[in-house]
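Participant: First, the structure itself, so that you have it in front of you.
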Amino acid sequence: MTFQLTKKYEEKLRRIQKRIVKKVILEDDFSKPISTIAGFDSSFSDDTAFVAGIVLDYKRLDVIEMKFIRSKLKFPYITTFLAFREGPSIIKVYKKLKIKPDVIMINGHGISHPIFCGIASHVGVLLDVPSIGVAQTKLCGEFKELKRVGEHSVITYENKKVGYAYKSKENCEPIFISPGHKVSLETSLEIVKSTIRNHKLPEPIFIAHSLANKIKISNKK
């Protein structure tokens, strides 16, 4: 993929992010108690993305629907601009789902982002659905060291609370949880904690990640 992020184009993308930030709602906005939750993740091979979306029963965490697409990448990986690389495909997968989940999780950040507009916020606003970002690397902010499984620490950035670091598994670095859209800080943490089972990542994202990888491998055969 030949791509050059010029200063002019970067400024255009930042303007888009800043417009989206103005629409982000950081309060719980569920029309009913949560009964379904979805996870989205991508796997890559050269310039091809394999994007999976999984809908689970929120209480049992059983898979009740799965969809995926294969698409050509039009944007490279550039930190803080993940939504422009993966967002369009995630939205396409979401629209293929027959069961529209009450809340979605995306492997990436929500408002824990230098412009307060990570992929979970970006996609959440465009779809107008409650969304949460769960990432494995910190993008911005500071938090206290976590030593025991189950501990969490607020992430602060520019004197704002933007998410939580959460130690979900022994001998692993913490995961980073932040609300995307229509979910409060506290509820984003509660939802992620309630969907952790035997893995570092919450089940919706772990299963979506596993499916995306399987699809990629099967396409190489």
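FYI, nothing fancy with the structure tokens labels: chains A, B, ... in order, residues from 1 per chain, ligands from 1 as they appear.
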With the cut-off set at 6 Å and counting only C-alpha atoms, tabulate each residue of stretch 116-189 of chain A with an atom at most that distance from an atom of stretch 96-107 of chain A, showing the nearest atom pair and its distance in Å to one decimal, ordered by chain and increasing number, as CSV.
Facilitator:
residue,atom,partner,partner_atom,distance
A:Ala120,CA,A:Ile106,CA,5.8
A:Pro130,CA,A:Val103,CA,4.9
A:Ser131,CA,A:Ile104,CA,4.8
A:Ile132,CA,A:Met105,CA,4.8
A:Gly133,CA,A:Ile106,CA,5.1
A:Val134,CA,A:Asn107,CA,5.2
A:Ala135,CA,A:Asn107,CA,5.6
Participant: Any chance you could export the current selection's N, CA and C atoms as a short mmCIF file (atom, residue, chain, number, x, y, z; two decimals), in the first residue's frame?
Facilitator:
data_model
loop_
_atom_site.label_atom_id
_atom_site.label_comp_id
_atom_site.auth_asym_id
_atom_site.auth_seq_id
_atom_site.Cartn_x
_atom_site.Cartn_y
_atom_site.Cartn_z
N ALA A 120 -13.41 3.42 19.14
CA ALA A 120 -14.69 3.08 19.76
C ALA A 120 -15.62 4.29 19.81
N PRO A 130 -24.24 2.56 21.87
CA PRO A 130 -23.32 2.51 23.01
C PRO A 130 -22.08 1.69 22.65
N SER A 131 -20.90 2.23 22.94
CA SER A 131 -19.67 1.55 22.55
C SER A 131 -18.60 1.71 23.62
N ILE A 132 -17.73 0.70 23.69
CA ILE A 132 -16.63 0.68 24.66
C ILE A 132 -15.35 0.27 23.94
N GLY A 133 -14.26 0.92 24.26
CA GLY A 133 -12.97 0.53 23.71
C GLY A 133 -12.17 -0.27 24.73
N VAL A 134 -11.54 -1.34 24.27
CA VAL A 134 -10.67 -2.16 25.12
C VAL A 134 -9.38 -2.39 24.35
N ALA A 135 -8.29 -1.88 24.88
CA ALA A 135 -7.00 -1.97 24.18
C ALA A 135 -5.95 -2.65 25.06
#
Participant: What's the 9 Å shell around A:Ile34, counting only C-alpha atoms, without same-chain residues fewer than 2 positions away, as a PyMOL selection string?
Facilitator: chain A and resi 30-32+36-37+58-59+101-103
Participant: Which residue gives the smallest distance to A:Ser71 among A:Val55, A:Ile111, A:Leu201, A:Val93, with only C-alpha atoms counted?
Facilitator: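 Going through A:Val55, A:Ile111, A:Leu201, A:Val93 one by one, the smallest distance to A:Ser71 is for A:Val93.
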Participant: DSSP says alpha helix (DSSP H) for which residues of chain A? Put them as a ChimeraX atom specification?
Facilitator: /A:7-21,82-96,119-127,185-194,203-220
Participant: Using only C-alpha atoms, which protein or nucleic acid residues come within 12 Å of A:Lys67? Drop anything in the same chain fewer than 5 positions from it, and give the result as an NGL selection string.
Facilitator: :A and (38-41 or 50-55 or 89-100 or 207-208 or 211-212 or 215)
Participant: For A:Leu26, which residue among A:Gly141, A:Pro76, A:Pro88, A:Gly163 is the nearest when counting only C-alpha atoms?
Facilitator: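 Nearest to A:Leu26: A:Gly163.
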Participant: Check the smallest atom-to-atom distance from each of A:Leu61, A:Ile115, A:Val125, A:Leu139 to A:Thr79 using only C-alpha atoms, then report the winner.
Facilitator: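 Among the listed residues, A:Leu139 lies closest to A:Thr79.
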Participant: Calculated over only C-alpha atoms, which of the candidates A:Ile69, A:Val63, A:Ala49, A:Leu126 has the smallest distance to A:Ile16?
Facilitator: A:Leu126
Participant: Measuring atom to atom with only C-alpha atoms, identify which of A:Cys117, A:Ile155, A:Val24, A:Leu189 is nearest to A:Leu82.
Facilitator: A:Cys117
Participant: Would you return as a PyMOL selection string the members of stretch 83-205 of chain A that DSSP assigns to strand (DSSP E or B) on this structure's backbone?
Facilitator: chain A and resi 103-107+131-135+142+152-157+160-166+175-181
Participant: For A:Glu10, please output as a VMD selection string all residues within 12 Å (counting only C-alpha atoms; exclusion window: fewer than 6 positions along the same chain).
Facilitator: chain A and resid 4 16 to 17 78 to 81 84
